[in-house]
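Trainee: my_file_5.cif is reproduced in full below (mmCIF, C-alpha atoms and all ligand atoms).
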```cif
data_query
loop_
_atom_site.label_atom_id
_atom_site.label_comp_id
_atom_site.auth_asym_id
_atom_site.auth_seq_id
_atom_site.Cartn_x
_atom_site.Cartn_y
_atom_site.Cartn_z
CA MET D 8 157.27 64.67 142.93
CA VAL D 9 155.42 61.79 144.50
CA ALA D 10 156.39 58.14 144.15
CA VAL D 11 154.87 56.48 141.06
CA GLU D 12 153.96 52.81 140.73
CA ILE D 13 155.57 51.22 137.67
CA LYS D 14 154.36 47.67 138.21
CA PRO D 15 152.76 46.07 141.27
CA CYS D 16 155.16 46.61 144.20
CA VAL D 17 157.70 48.43 142.00
CA TYR D 18 157.92 52.20 142.36
CA TRP D 19 159.84 55.13 140.95
CA ALA D 20 161.06 57.43 143.73
CA GLY D 21 163.45 59.80 142.05
CA VAL D 22 164.48 63.40 142.42
CA ASN D 23 164.21 66.10 139.76
CA ASP D 24 167.24 68.37 139.93
CA ARG D 25 166.59 71.82 138.49
CA SER D 26 169.17 73.69 140.56
CA THR D 27 172.50 72.16 139.54
CA GLU D 28 174.04 74.36 136.83
CA LEU D 29 176.73 71.99 135.60
CA PHE D 30 176.43 68.21 135.60
CA GLU D 31 179.79 66.66 136.54
CA GLY D 32 180.87 70.27 137.10
CA LEU D 33 181.11 70.59 133.32
CA TRP D 34 177.92 70.12 131.31
CA PRO D 35 175.25 72.85 131.40
CA ILE D 36 171.89 71.60 132.61
CA GLN D 37 170.54 74.79 134.16
CA ASP D 38 167.87 75.12 131.46
CA VAL D 39 166.68 71.53 131.38
CA GLY D 40 167.65 69.90 134.67
CA VAL D 41 168.24 66.21 135.19
CA SER D 42 166.56 63.47 137.20
CA TYR D 43 168.16 60.94 139.50
CA ASN D 44 165.81 58.00 139.39
CA SER D 45 165.71 55.68 142.35
CA TYR D 46 163.41 52.67 142.53
CA ILE D 47 161.73 50.73 145.31
CA ILE D 48 160.71 47.09 145.17
CA ALA D 49 158.47 46.51 148.16
CA ASP D 50 158.17 42.75 148.51
CA GLU D 51 158.75 40.50 151.56
CA LYS D 52 162.21 41.96 151.40
CA VAL D 53 162.51 45.57 150.36
CA ALA D 54 165.14 46.76 147.92
CA LEU D 55 166.02 50.25 146.82
CA ILE D 56 167.74 50.45 143.45
CA ASP D 57 170.22 53.30 143.22
CA LEU D 58 170.14 56.35 145.45
CA VAL D 59 170.32 59.99 144.39
CA LYS D 60 172.74 62.89 144.47
CA GLY D 61 173.16 64.54 147.85
CA ILE D 62 170.45 67.13 147.29
CA LYS D 63 166.86 67.32 148.42
CA THR D 64 167.54 64.52 150.86
CA ASP D 65 164.43 65.28 152.91
CA ASP D 66 162.20 65.09 149.83
CA PHE D 67 163.78 61.85 148.74
CA LEU D 68 163.40 60.16 152.11
CA THR D 69 159.83 61.41 152.48
CA GLN D 70 159.01 60.00 149.08
CA ILE D 71 160.37 56.61 150.05
CA GLU D 72 158.40 56.70 153.27
CA GLU D 73 155.18 57.06 151.28
CA ILE D 74 155.83 53.46 150.26
CA VAL D 75 157.92 51.82 153.00
CA GLU D 76 159.40 52.62 156.37
CA LEU D 77 163.07 53.40 155.94
CA THR D 78 164.02 50.87 158.60
CA ASN D 79 162.18 48.17 156.63
CA ILE D 80 164.53 48.52 153.68
CA ASP D 81 166.78 45.48 153.43
CA TYR D 82 168.96 46.23 150.41
CA VAL D 83 170.29 49.15 148.46
CA ILE D 84 171.43 48.01 145.03
CA ILE D 85 174.32 50.17 143.89
CA ASN D 86 174.45 49.77 140.14
CA HIS D 87 176.98 52.56 139.88
CA MET D 88 179.10 54.30 142.47
CA GLU D 89 179.24 57.75 140.87
CA PRO D 90 178.06 60.29 143.46
CA ASP D 91 175.00 61.31 141.39
CA HIS D 92 173.61 57.93 142.52
CA THR D 93 175.21 57.54 145.93
CA GLY D 94 175.39 61.11 147.27
CA ILE D 95 173.24 60.38 150.31
CA ILE D 96 174.74 57.01 151.17
CA LYS D 97 176.39 58.06 154.43
CA ILE D 98 173.18 59.54 155.81
CA PHE D 99 171.34 56.48 154.61
CA LEU D 100 173.62 54.14 156.51
CA LYS D 101 173.17 56.18 159.66
CA MET D 102 169.40 56.02 159.32
CA VAL D 103 169.21 52.35 158.37
CA PRO D 104 172.18 50.75 160.15
CA ASN D 105 171.18 47.20 159.20
CA ILE D 106 171.03 47.90 155.46
CA THR D 107 172.95 45.70 153.02
CA PHE D 108 174.56 47.45 150.06
CA VAL D 109 174.76 45.29 146.94
CA GLY D 110 177.26 45.93 144.16
CA THR D 111 180.22 44.53 142.32
CA GLU D 112 183.56 43.73 143.93
CA LYS D 113 184.93 46.99 142.55
CA THR D 114 182.05 48.92 144.11
CA LYS D 115 183.08 47.56 147.49
CA GLN D 116 186.49 49.16 147.18
CA MET D 117 185.03 52.38 145.85
CA LEU D 118 182.63 52.68 148.79
CA GLU D 119 185.67 52.67 151.02
CA ASP D 120 187.56 55.14 148.85
CA TYR D 121 184.71 57.61 148.41
CA TYR D 122 182.74 57.27 151.64
CA GLN D 123 184.93 55.25 154.02
CA ILE D 124 182.16 52.67 154.22
CA SER D 125 183.60 49.20 154.73
CA THR D 126 180.67 47.36 156.30
CA ASN D 127 177.18 46.26 155.22
CA PHE D 128 178.30 45.13 151.77
CA MET D 129 177.40 42.12 149.64
CA ALA D 130 179.39 41.63 146.43
CA VAL D 131 177.66 40.18 143.37
CA LYS D 132 178.77 39.20 139.90
CA THR D 133 177.08 38.49 136.58
CA GLY D 134 174.24 36.00 136.94
CA ASP D 135 173.93 36.26 140.73
CA ARG D 136 170.35 36.35 141.97
CA LEU D 137 168.71 37.96 144.97
CA ASN D 138 165.25 36.80 145.92
CA LEU D 139 162.93 39.34 147.53
CA GLY D 140 159.78 37.15 147.76
CA ASN D 141 157.80 37.34 144.52
CA HIS D 142 160.52 39.32 142.84
CA THR D 143 164.03 38.23 142.00
CA LEU D 144 166.88 40.51 141.06
CA VAL D 145 169.53 39.29 138.64
CA PHE D 146 172.78 41.23 138.27
CA TYR D 147 174.88 41.81 135.17
CA GLU D 148 178.23 43.52 135.29
CA THR D 149 178.52 46.21 132.60
CA PRO D 150 181.99 47.65 133.19
CA PHE D 151 182.59 51.15 131.84
CA VAL D 152 178.98 52.00 131.28
CA HIS D 153 179.94 54.32 132.77
CA TRP D 154 182.63 53.50 135.39
CA PRO D 155 184.60 50.28 135.86
CA GLU D 156 182.39 49.04 138.71
CA THR D 157 179.06 49.48 136.93
CA MET D 158 176.36 46.82 136.73
CA VAL D 159 172.70 46.68 135.76
CA THR D 160 169.90 44.88 137.56
CA TRP D 161 167.13 42.92 135.93
CA GLU D 162 163.96 42.00 137.82
CA GLU D 163 162.55 38.72 136.66
CA GLN D 164 158.88 39.06 137.67
CA SER D 165 158.24 42.56 136.31
CA LYS D 166 160.78 42.20 133.48
CA ILE D 167 162.24 45.59 134.25
CA LEU D 168 165.85 46.38 133.49
CA PHE D 169 167.28 48.90 135.94
CA SER D 170 170.04 50.15 133.72
CA CYS D 171 171.46 53.12 135.65
CA ASP D 172 173.40 55.46 133.31
CA ALA D 173 172.85 53.28 130.25
CA PHE D 174 169.81 54.48 128.28
CA GLY D 175 169.67 57.64 130.37
CA GLY D 176 169.42 61.26 129.33
CA PHE D 177 169.58 64.83 130.60
CA GLY D 178 166.36 66.69 131.20
CA ALA D 179 164.33 66.71 134.39
CA LEU D 180 161.08 64.79 134.06
CA ARG D 181 158.36 67.09 132.81
CA GLY D 182 155.41 65.45 134.49
CA SER D 183 155.01 61.86 133.44
CA ILE D 184 157.90 59.50 134.06
CA PHE D 185 156.91 57.22 131.13
CA ASP D 186 157.87 57.57 127.46
CA ASP D 187 154.46 56.42 126.21
CA GLU D 188 152.65 59.24 128.00
CA TYR D 189 154.24 61.89 125.80
CA ASP D 190 153.02 62.70 122.29
CA ASP D 191 156.36 64.21 121.41
CA LEU D 192 159.59 62.69 122.67
CA GLY D 193 161.75 65.22 120.80
CA PHE D 194 163.02 66.95 123.94
CA TYR D 195 163.96 63.71 125.70
CA ILE D 196 165.64 62.20 122.64
CA GLU D 197 167.65 65.35 122.01
CA GLU D 198 168.75 65.42 125.64
CA ALA D 199 169.49 61.69 125.57
CA LEU D 200 171.83 62.26 122.63
CA ARG D 201 173.50 65.19 124.38
CA TYR D 202 173.95 63.00 127.46
CA TYR D 203 175.30 60.22 125.26
CA ALA D 204 177.82 62.48 123.49
CA ASN D 205 178.89 64.21 126.71
CA ILE D 206 178.99 61.30 129.15
CA VAL D 207 178.80 57.92 127.46
CA ALA D 208 180.37 58.34 123.98
CA LYS D 209 183.90 57.47 125.00
CA PHE D 210 182.62 54.11 126.25
CA SER D 211 180.63 53.18 123.14
CA ARG D 212 182.48 49.88 122.75
CA PHE D 213 181.29 48.88 126.20
CA VAL D 214 177.75 50.02 125.45
CA LEU D 215 177.61 47.64 122.48
CA LYS D 216 179.06 44.85 124.59
CA ALA D 217 176.45 45.45 127.28
CA ILE D 218 173.59 45.54 124.75
CA ASP D 219 174.86 42.28 123.33
CA ALA D 220 175.14 40.62 126.73
CA LEU D 221 171.56 41.60 127.60
CA ARG D 222 170.17 40.51 124.25
CA ASN D 223 168.48 37.39 125.58
CA LEU D 224 166.70 39.07 128.45
CA GLU D 225 163.02 39.62 128.07
CA ILE D 226 162.85 43.33 128.79
CA GLU D 227 159.44 44.97 129.11
CA ILE D 228 160.59 48.21 130.66
CA ILE D 229 163.87 50.04 130.80
CA ALA D 230 164.24 52.06 133.96
CA PRO D 231 167.44 54.10 133.83
CA SER D 232 168.69 56.39 136.55
CA HIS D 233 168.39 59.57 134.49
CA GLY D 234 165.42 60.63 132.42
CA LEU D 235 162.43 58.74 131.11
CA ILE D 236 161.30 55.22 131.92
CA TRP D 237 160.82 53.41 128.64
CA ARG D 238 157.77 51.20 128.28
CA ASN D 239 158.82 50.92 124.64
CA PRO D 240 162.32 49.67 125.48
CA LYS D 241 163.19 49.01 121.86
CA LYS D 242 163.05 52.71 121.12
CA ILE D 243 165.86 53.68 123.46
CA ILE D 244 167.87 50.49 122.92
CA ASP D 245 167.86 51.13 119.17
CA LEU D 246 168.89 54.74 119.65
CA TYR D 247 171.74 53.85 122.00
CA GLN D 248 172.88 51.09 119.69
CA LYS D 249 172.81 53.42 116.70
CA TRP D 250 174.78 56.09 118.55
CA ALA D 251 177.30 53.59 119.92
CA ARG D 252 177.98 52.33 116.40
CA TYR D 253 178.96 55.82 115.27
CA ALA D 254 182.16 55.27 117.26
CA SER D 255 183.39 52.80 114.66
CA GLU D 256 181.08 53.16 111.66
CA PRO D 257 180.19 56.17 109.53
CA ALA D 258 177.59 58.35 111.12
CA GLU D 259 174.71 60.24 109.45
CA LYS D 260 175.24 62.32 106.35
CA GLY D 261 175.34 65.88 107.52
CA ILE D 262 177.73 68.67 108.40
CA THR D 263 178.65 70.30 111.66
CA LEU D 264 180.18 73.65 110.85
CA ILE D 265 182.11 74.98 113.82
CA TYR D 266 183.61 78.42 113.57
CA GLY D 267 185.08 81.24 115.59
CA SER D 268 185.91 84.77 114.53
CA MET D 269 187.44 87.76 116.31
CA TYR D 270 186.65 90.51 113.79
CA GLY D 271 184.18 88.85 111.46
CA ASN D 272 186.51 87.90 108.58
CA THR D 273 186.25 84.16 109.13
CA GLU D 274 182.56 84.62 109.83
CA LYS D 275 181.97 86.27 106.43
CA MET D 276 183.61 83.31 104.77
CA MET D 277 181.52 80.95 106.87
CA ASN D 278 178.38 82.47 105.38
CA ALA D 279 179.68 81.98 101.85
CA ILE D 280 180.62 78.39 102.63
CA ILE D 281 177.24 77.42 104.01
CA GLN D 282 175.59 79.03 101.02
CA GLY D 283 177.56 76.63 98.86
CA ALA D 284 177.19 73.59 101.11
CA SER D 285 173.46 74.03 101.72
CA LYS D 286 172.71 73.57 98.01
CA SER D 287 173.40 69.88 98.58
CA GLY D 288 170.34 69.56 100.80
CA LEU D 289 172.42 67.91 103.52
CA PRO D 290 171.59 68.98 107.08
CA ILE D 291 174.06 71.58 108.34
CA GLN D 292 174.38 72.68 111.94
CA VAL D 293 176.38 75.86 112.60
CA PHE D 294 178.04 76.69 115.93
CA ASP D 295 180.09 79.65 117.05
CA VAL D 296 182.61 77.89 119.26
CA ALA D 297 183.22 80.92 121.46
CA ARG D 298 179.56 81.35 122.27
CA THR D 299 178.19 77.83 122.37
CA ASP D 300 179.06 75.45 125.15
CA VAL D 301 180.84 72.39 123.80
CA SER D 302 178.17 70.23 125.41
CA TYR D 303 175.79 71.25 122.60
CA ILE D 304 178.38 70.87 119.83
CA LEU D 305 179.50 67.33 120.70
CA PRO D 306 176.16 65.65 119.82
CA PHE D 307 176.35 67.01 116.26
CA LEU D 308 180.02 66.14 115.86
CA TRP D 309 179.01 62.67 117.01
CA LYS D 310 176.07 62.18 114.68
CA TYR D 311 177.24 63.83 111.46
CA GLN D 312 179.96 62.48 109.22
CA GLY D 313 181.21 65.86 108.03
CA VAL D 314 182.90 68.68 109.91
CA ILE D 315 183.86 72.10 108.60
CA ILE D 316 186.26 73.99 110.83
CA GLY D 317 186.41 77.77 110.42
CA ALA D 318 188.90 79.55 112.62
CA PRO D 319 191.50 82.31 112.37
CA THR D 320 195.06 82.41 113.61
CA TYR D 321 195.50 83.70 117.12
CA GLU D 322 199.02 84.41 118.42
CA THR D 323 200.53 82.00 115.87
CA LYS D 324 198.07 79.31 116.94
CA LEU D 325 194.52 78.18 116.39
CA PHE D 326 191.77 80.39 117.85
CA PRO D 327 191.65 78.97 121.42
CA PRO D 328 187.94 78.10 121.75
CA MET D 329 188.35 75.91 118.65
CA THR D 330 191.31 74.12 120.24
CA TYR D 331 189.08 73.38 123.21
CA VAL D 332 186.26 71.96 121.07
CA LEU D 333 188.68 69.72 119.14
CA THR D 334 190.32 68.58 122.37
CA MET D 335 186.95 67.63 123.83
CA ALA D 336 186.11 65.76 120.64
CA GLU D 337 189.29 63.78 121.17
CA TYR D 338 188.39 63.08 124.84
CA LYS D 339 185.07 61.71 123.67
CA ARG D 340 186.76 59.66 120.95
CA ILE D 341 184.81 61.28 118.13
CA PHE D 342 186.76 59.72 115.30
CA ASN D 343 186.18 58.91 111.62
CA LYS D 344 185.12 62.25 110.23
CA LYS D 345 185.70 63.97 106.96
CA VAL D 346 186.76 67.54 107.48
CA ALA D 347 187.54 70.74 105.60
CA ARG D 348 189.06 73.82 107.17
CA PHE D 349 189.07 77.54 106.40
CA GLY D 350 190.12 80.67 108.22
CA SER D 351 191.66 84.11 108.03
CA TYR D 352 195.13 85.18 109.18
CA GLY D 353 196.86 88.53 109.42
CA TRP D 354 200.51 88.02 108.53
CA SER D 355 202.26 84.65 108.87
CA GLY D 356 199.40 82.42 110.04
CA GLY D 357 199.88 79.34 112.22
CA ALA D 358 196.37 78.04 112.89
CA GLN D 359 196.62 75.38 110.19
CA ARG D 360 199.65 73.77 111.83
CA ASP D 361 197.68 73.44 115.07
CA VAL D 362 194.63 72.05 113.26
CA GLU D 363 196.77 69.37 111.65
CA THR D 364 198.25 68.31 114.99
CA GLN D 365 194.75 68.01 116.44
CA LEU D 366 193.37 66.18 113.41
CA GLU D 367 196.11 63.58 113.61
CA LYS D 368 194.95 62.66 117.10
CA LEU D 369 191.33 62.64 115.95
CA LYS D 370 192.08 60.60 112.83
CA TRP D 371 189.86 63.00 110.89
CA GLU D 372 190.48 63.04 107.16
CA LEU D 373 191.32 66.56 106.05
CA THR D 374 189.99 66.97 102.52
CA GLU D 375 190.65 70.65 101.83
CA VAL D 376 192.05 73.85 103.36
CA PHE D 377 191.24 77.42 102.41
CA GLU D 378 193.16 80.18 104.17
CA PHE D 379 192.99 83.85 103.22
CA GLN D 380 194.69 86.98 104.47
CA GLY D 381 192.66 89.64 106.29
CA GLY D 382 189.16 90.28 104.98
CA PRO D 383 187.82 88.04 102.20
CA THR D 384 187.56 89.62 98.76
CA THR D 385 184.60 89.00 96.48
CA THR D 386 186.74 86.46 94.66
CA ASP D 387 187.57 84.78 97.97
CA LEU D 388 183.89 84.56 98.86
CA ALA D 389 183.10 83.00 95.49
CA LYS D 390 185.87 80.48 96.15
CA GLY D 391 184.34 79.86 99.59
CA GLU D 392 180.99 79.04 98.06
CA GLU D 393 182.65 76.52 95.75
CA PHE D 394 184.60 75.09 98.71
CA GLY D 395 181.31 74.51 100.56
CA LYS D 396 179.73 72.92 97.49
CA ARG D 397 182.69 70.60 96.94
CA PHE D 398 182.79 69.41 100.52
CA ALA D 399 179.06 68.72 100.62
CA LYS D 400 179.25 66.84 97.34
CA LEU D 401 182.14 64.75 98.58
CA LEU D 402 180.10 63.78 101.64
CA LYS D 403 177.05 63.01 99.55
CA ASP D 404 179.08 60.81 97.23
CA VAL D 405 180.77 58.61 99.86
CA SER D 406 178.92 55.40 100.32
C1 LIG N 501 194.76 88.74 119.44
C2 LIG N 501 195.14 88.47 118.02
C3 LIG N 501 196.21 87.67 117.72
C4 LIG N 501 196.57 87.39 116.41
N1 LIG N 501 197.66 86.61 116.14
C5 LIG N 501 198.02 86.37 114.85
C6 LIG N 501 199.18 85.60 114.52
O1 LIG N 501 199.90 85.15 115.41
N2 LIG N 501 199.48 85.35 113.23
C7 LIG N 501 198.72 85.84 112.23
O2 LIG N 501 199.00 85.55 111.07
N3 LIG N 501 197.61 86.59 112.49
C8 LIG N 501 197.27 86.87 113.77
N4 LIG N 501 196.18 87.65 114.05
C9 LIG N 501 195.44 88.23 112.94
C10 LIG N 501 194.15 87.52 112.66
O3 LIG N 501 194.38 86.17 112.37
C11 LIG N 501 193.48 88.24 111.51
O4 LIG N 501 193.14 89.56 111.94
C12 LIG N 501 192.24 87.55 110.96
O5 LIG N 501 191.72 88.28 109.89
C13 LIG N 501 191.19 87.39 112.03
O6 LIG N 501 190.08 86.78 111.47
P1 LIG N 501 188.66 87.00 112.16
O7 LIG N 501 188.18 88.39 111.79
O8 LIG N 501 187.82 85.93 111.60
O9 LIG N 501 188.88 86.89 113.63
C14 LIG N 501 195.83 87.94 115.36
C15 LIG N 501 194.72 88.75 115.65
C16 LIG N 501 194.38 89.02 116.98
C17 LIG N 501 193.18 89.90 117.26
FE FE N 502 177.78 57.81 135.72
FE FE N 503 174.62 58.95 136.45
#
```
As a first step, turn the structure in this file into structure tokens.
Ligand SMILES: Cc1cc2nc3c(=O)[nH]c(=O)nc-3n(C[C@H](O)[C@H](O)[C@H](O)COP(=O)(O)O)c2cc1C
Ligand SMILES: [Fe+2]
Ligand SMILES: [Fe+2]
Mentor:
Amino acid sequence: MVAVEIKPCVYWAGVNDRSTELFEGLWPIQDVGVSYNSYIIADEKVALIDLVKGIKTDDFLTQIEEIVELTNIDYVIINHMEPDHTGIIKIFLKMVPNITFVGTEKTKQMLEDYYQISTNFMAVKTGDRLNLGNHTLVFYETPFVHWPETMVTWEEQSKILFSCDAFGGFGALRGSIFDDEYDDLGFYIEEALRYYANIVAKFSRFVLKAIDALRNLEIEIIAPSHGLIWRNPKKIIDLYQKWARYASEPAEKGITLIYGSMYGNTEKMMNAIIQGASKSGLPIQVFDVARTDVSYILPFLWKYQGVIIGAPTYETKLFPPMTYVLTMAEYKRIFNKKVARFGSYGWSGGAQRDVETQLEKLKWELTEVFEFQGGPTTTDLAKGEEFGKRFAKLLKDVS
């Protein structure tokens, strides 16, 4: 893409990544991509805000050179040290040997640890200012959104908040870089929630702290380092705030039904259960845990209050893909759910014991269990329908 002016002298100069299959080596993005947004403020002094992952370096540098000569860049603001924003830093230093990197004290140490860079650094803390001419950068430390060294940068003249990972999302930019140039933001919001549940969720407490600390800033534009630039900043702030609150407050009324089945017995019961549950009118999202990457399941576990777990016994334990999903939910600190569990077993069972161990760690409230041996009978299926109905009603009735 070509550089895009956001405000006078302020440019987007990011890279759309459509070739990485797994973000962080874990989260599938091969279908949607991701962007690494970098920004240029070309004033008397020139600052670059965040770099990009170490891909398409030529394109990135060419894009910058549309606006400024590389050797005229004075500062690179490192809001966050994670390599998706610093991947080309070594090359950059070689090309612009007089550059000054700006970041928190912790970033200084990390630059040494990750890149063996121990020169050209200026440490800043909350409230520190850096004048570029007509523009002034103000820094705010936002630890753990998403690493301990993270900060955000506010530019006083243009009233842009360069928020790095905060307010970001998966999904390469599909043309326009601005939220208000799309009629339908559905794709970006869905991918922002997936990004939130996969990457940011564990740090929700820190997200709320950061939002609170930035409350008094007059923000006209939010320019994160992944995804859209928000000229309606309230939209994405409200969404992030809402999602962050789900860490400690009840989420939306709805059910994520996660199931796995080797020979279709648990699956048959799953169908009976959703028949019962769907009568409530509550939204229900169904995932086969063996076939769906956990990346897509976590957003629904995050946003819905109710979870139904359907899984058989496997070698005296819980069906392994289900163990993985529940373990990831624990990593992401997806707590405070109401849950019901069902599943088939062949002889002595064992899955339920495993489920209970996992639920203890998750602090999920187990409301009901329905296990059956082998294939479900007609009576079992009728019981399943009632089980689904009861669970949905219970969710509907909680305030
Ligand atoms: C590889 C494998 C391991 C199993 N291990 C156990 C077990 O340890 N204990 C048990 O009670 N049933 C065990 N079973 C039986 C299944 O739990 C049973 O067949 C159940 O109906 C499977 O439900 P599904 O059709 O939904 O996969 C095992 C089945 C398979 C295929
Ligand atoms: Fe990050
Ligand atoms: Fe990032």
Trainee: Segment 50-53 of chain D: which residues within 12 Å, counting only C-alpha atoms, same-chain residues fewer than 6 positions away excluded, as a list in words?
Mentor: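 Using only C-alpha atoms, the neighbours found are Pro15, Cys16, Val17, Tyr18, Ile71, Ile74, Val75, Glu76, Leu77, Thr78, Asn79, Ile80, Asp81, Tyr82, Val83, Ile84, Ile106, Thr107, Leu137, Asn138, Leu139, Gly140, Asn141, His142, Thr143, Leu144 and Gln164 of chain D.
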Trainee: Enumerate, in order of chain and increasing residue number, the residues of chain D with an atom no farther than 9 Å from ligand FE 502 (chain N), each with its shortest atom pair and distance in Å to one decimal, counting only C-alpha atoms and all ligand atoms, as CSV.
Mentor:
```
residue,atom,partner,partner_atom,distance
D:His87,CA,N:FE502,FE,6.7
D:Met88,CA,N:FE502,FE,7.7
D:Glu89,CA,N:FE502,FE,5.4
D:Pro90,CA,N:FE502,FE,8.1
D:Asp91,CA,N:FE502,FE,7.2
D:His92,CA,N:FE502,FE,8.0
D:Val152,CA,N:FE502,FE,7.4
D:His153,CA,N:FE502,FE,5.1
D:Trp154,CA,N:FE502,FE,6.5
D:Thr157,CA,N:FE502,FE,8.5
D:Cys171,CA,N:FE502,FE,7.9
D:Asp172,CA,N:FE502,FE,5.5
D:Ala173,CA,N:FE502,FE,8.6
D:Ile206,CA,N:FE502,FE,7.5
D:Val207,CA,N:FE502,FE,8.3
```
Trainee: With the cut-off set at 9 Å and counting all atoms listed in the file, tabulate each residue of chain D with an atom at most that distance from an atom of ligand LIG 501 (chain N), showing the nearest atom pair and its distance in Å to one decimal, ordered by chain and increasing number, as JSON lines.
Mentor:
```
{"residue": "D:Tyr266", "atom": "CA", "partner": "N:LIG501", "partner_atom": "O8", "distance": 8.8}
{"residue": "D:Gly267", "atom": "CA", "partner": "N:LIG501", "partner_atom": "O8", "distance": 6.7}
{"residue": "D:Ser268", "atom": "CA", "partner": "N:LIG501", "partner_atom": "O8", "distance": 3.7}
{"residue": "D:Met269", "atom": "CA", "partner": "N:LIG501", "partner_atom": "O9", "distance": 3.2}
{"residue": "D:Tyr270", "atom": "CA", "partner": "N:LIG501", "partner_atom": "O7", "distance": 3.3}
{"residue": "D:Gly271", "atom": "CA", "partner": "N:LIG501", "partner_atom": "O7", "distance": 4.0}
{"residue": "D:Asn272", "atom": "CA", "partner": "N:LIG501", "partner_atom": "O7", "distance": 3.7}
{"residue": "D:Thr273", "atom": "CA", "partner": "N:LIG501", "partner_atom": "O8", "distance": 3.4}
{"residue": "D:Glu274", "atom": "CA", "partner": "N:LIG501", "partner_atom": "O8", "distance": 5.7}
{"residue": "D:Lys275", "atom": "CA", "partner": "N:LIG501", "partner_atom": "O8", "distance": 7.8}
{"residue": "D:Met276", "atom": "CA", "partner": "N:LIG501", "partner_atom": "O8", "distance": 8.4}
{"residue": "D:Gly317", "atom": "CA", "partner": "N:LIG501", "partner_atom": "O8", "distance": 8.4}
{"residue": "D:Ala318", "atom": "CA", "partner": "N:LIG501", "partner_atom": "O8", "distance": 6.6}
{"residue": "D:Pro319", "atom": "CA", "partner": "N:LIG501", "partner_atom": "O6", "distance": 4.8}
{"residue": "D:Thr320", "atom": "CA", "partner": "N:LIG501", "partner_atom": "O3", "distance": 4.0}
{"residue": "D:Tyr321", "atom": "CA", "partner": "N:LIG501", "partner_atom": "N1", "distance": 3.8}
{"residue": "D:Glu322", "atom": "CA", "partner": "N:LIG501", "partner_atom": "O1", "distance": 3.2}
{"residue": "D:Thr323", "atom": "CA", "partner": "N:LIG501", "partner_atom": "O1", "distance": 3.2}
{"residue": "D:Lys324", "atom": "CA", "partner": "N:LIG501", "partner_atom": "O1", "distance": 6.3}
{"residue": "D:Leu325", "atom": "CA", "partner": "N:LIG501", "partner_atom": "O1", "distance": 8.9}
{"residue": "D:Phe326", "atom": "CA", "partner": "N:LIG501", "partner_atom": "O9", "distance": 8.3}
{"residue": "D:Gly350", "atom": "CA", "partner": "N:LIG501", "partner_atom": "O8", "distance": 6.7}
{"residue": "D:Ser351", "atom": "CA", "partner": "N:LIG501", "partner_atom": "C12", "distance": 4.6}
{"residue": "D:Tyr352", "atom": "CA", "partner": "N:LIG501", "partner_atom": "O3", "distance": 3.4}
{"residue": "D:Gly353", "atom": "CA", "partner": "N:LIG501", "partner_atom": "N3", "distance": 3.7}
{"residue": "D:Trp354", "atom": "CA", "partner": "N:LIG501", "partner_atom": "O2", "distance": 3.9}
{"residue": "D:Ser355", "atom": "CA", "partner": "N:LIG501", "partner_atom": "O2", "distance": 4.0}
{"residue": "D:Gly356", "atom": "CA", "partner": "N:LIG501", "partner_atom": "O2", "distance": 3.3}
{"residue": "D:Gly357", "atom": "CA", "partner": "N:LIG501", "partner_atom": "N2", "distance": 6.1}
{"residue": "D:Ala358", "atom": "CA", "partner": "N:LIG501", "partner_atom": "N2", "distance": 8.0}
{"residue": "D:Phe379", "atom": "CA", "partner": "N:LIG501", "partner_atom": "O5", "distance": 8.1}
{"residue": "D:Gln380", "atom": "CA", "partner": "N:LIG501", "partner_atom": "O5", "distance": 6.3}
{"residue": "D:Gly381", "atom": "CA", "partner": "N:LIG501", "partner_atom": "O5", "distance": 4.0}
{"residue": "D:Gly382", "atom": "CA", "partner": "N:LIG501", "partner_atom": "O5", "distance": 5.9}
{"residue": "D:Pro383", "atom": "CA", "partner": "N:LIG501", "partner_atom": "O5", "distance": 8.6}
```
Trainee: For those residues, write C-alpha atoms to a file as a compact mmCIF listing (two decimals), in the frame of the given file.
Mentor:
```txt
# COMPACT_ATOMS: atom_id res chain seq x y z
CA TYR D 266 183.61 78.42 113.57
CA GLY D 267 185.08 81.24 115.59
CA SER D 268 185.91 84.77 114.53
CA MET D 269 187.44 87.76 116.31
CA TYR D 270 186.65 90.51 113.79
CA GLY D 271 184.18 88.85 111.46
CA ASN D 272 186.51 87.90 108.58
CA THR D 273 186.25 84.16 109.13
CA GLU D 274 182.56 84.62 109.83
CA LYS D 275 181.97 86.27 106.43
CA MET D 276 183.61 83.31 104.77
CA GLY D 317 186.41 77.77 110.42
CA ALA D 318 188.90 79.55 112.62
CA PRO D 319 191.50 82.31 112.37
CA THR D 320 195.06 82.41 113.61
CA TYR D 321 195.50 83.70 117.12
CA GLU D 322 199.02 84.41 118.42
CA THR D 323 200.53 82.00 115.87
CA LYS D 324 198.07 79.31 116.94
CA LEU D 325 194.52 78.18 116.39
CA PHE D 326 191.77 80.39 117.85
CA GLY D 350 190.12 80.67 108.22
CA SER D 351 191.66 84.11 108.03
CA TYR D 352 195.13 85.18 109.18
CA GLY D 353 196.86 88.53 109.42
CA TRP D 354 200.51 88.02 108.53
CA SER D 355 202.26 84.65 108.87
CA GLY D 356 199.40 82.42 110.04
CA GLY D 357 199.88 79.34 112.22
CA ALA D 358 196.37 78.04 112.89
CA PHE D 379 192.99 83.85 103.22
CA GLN D 380 194.69 86.98 104.47
CA GLY D 381 192.66 89.64 106.29
CA GLY D 382 189.16 90.28 104.98
CA PRO D 383 187.82 88.04 102.20
```
Trainee: Counting only C-alpha atoms, which of D:Thr111, D:Ser302, D:Ser406, D:Gln312 gets nearest to Pro290 of chain D?
Mentor: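 Closest to Pro290 of chain D, using only C-alpha atoms: D:Gln312.
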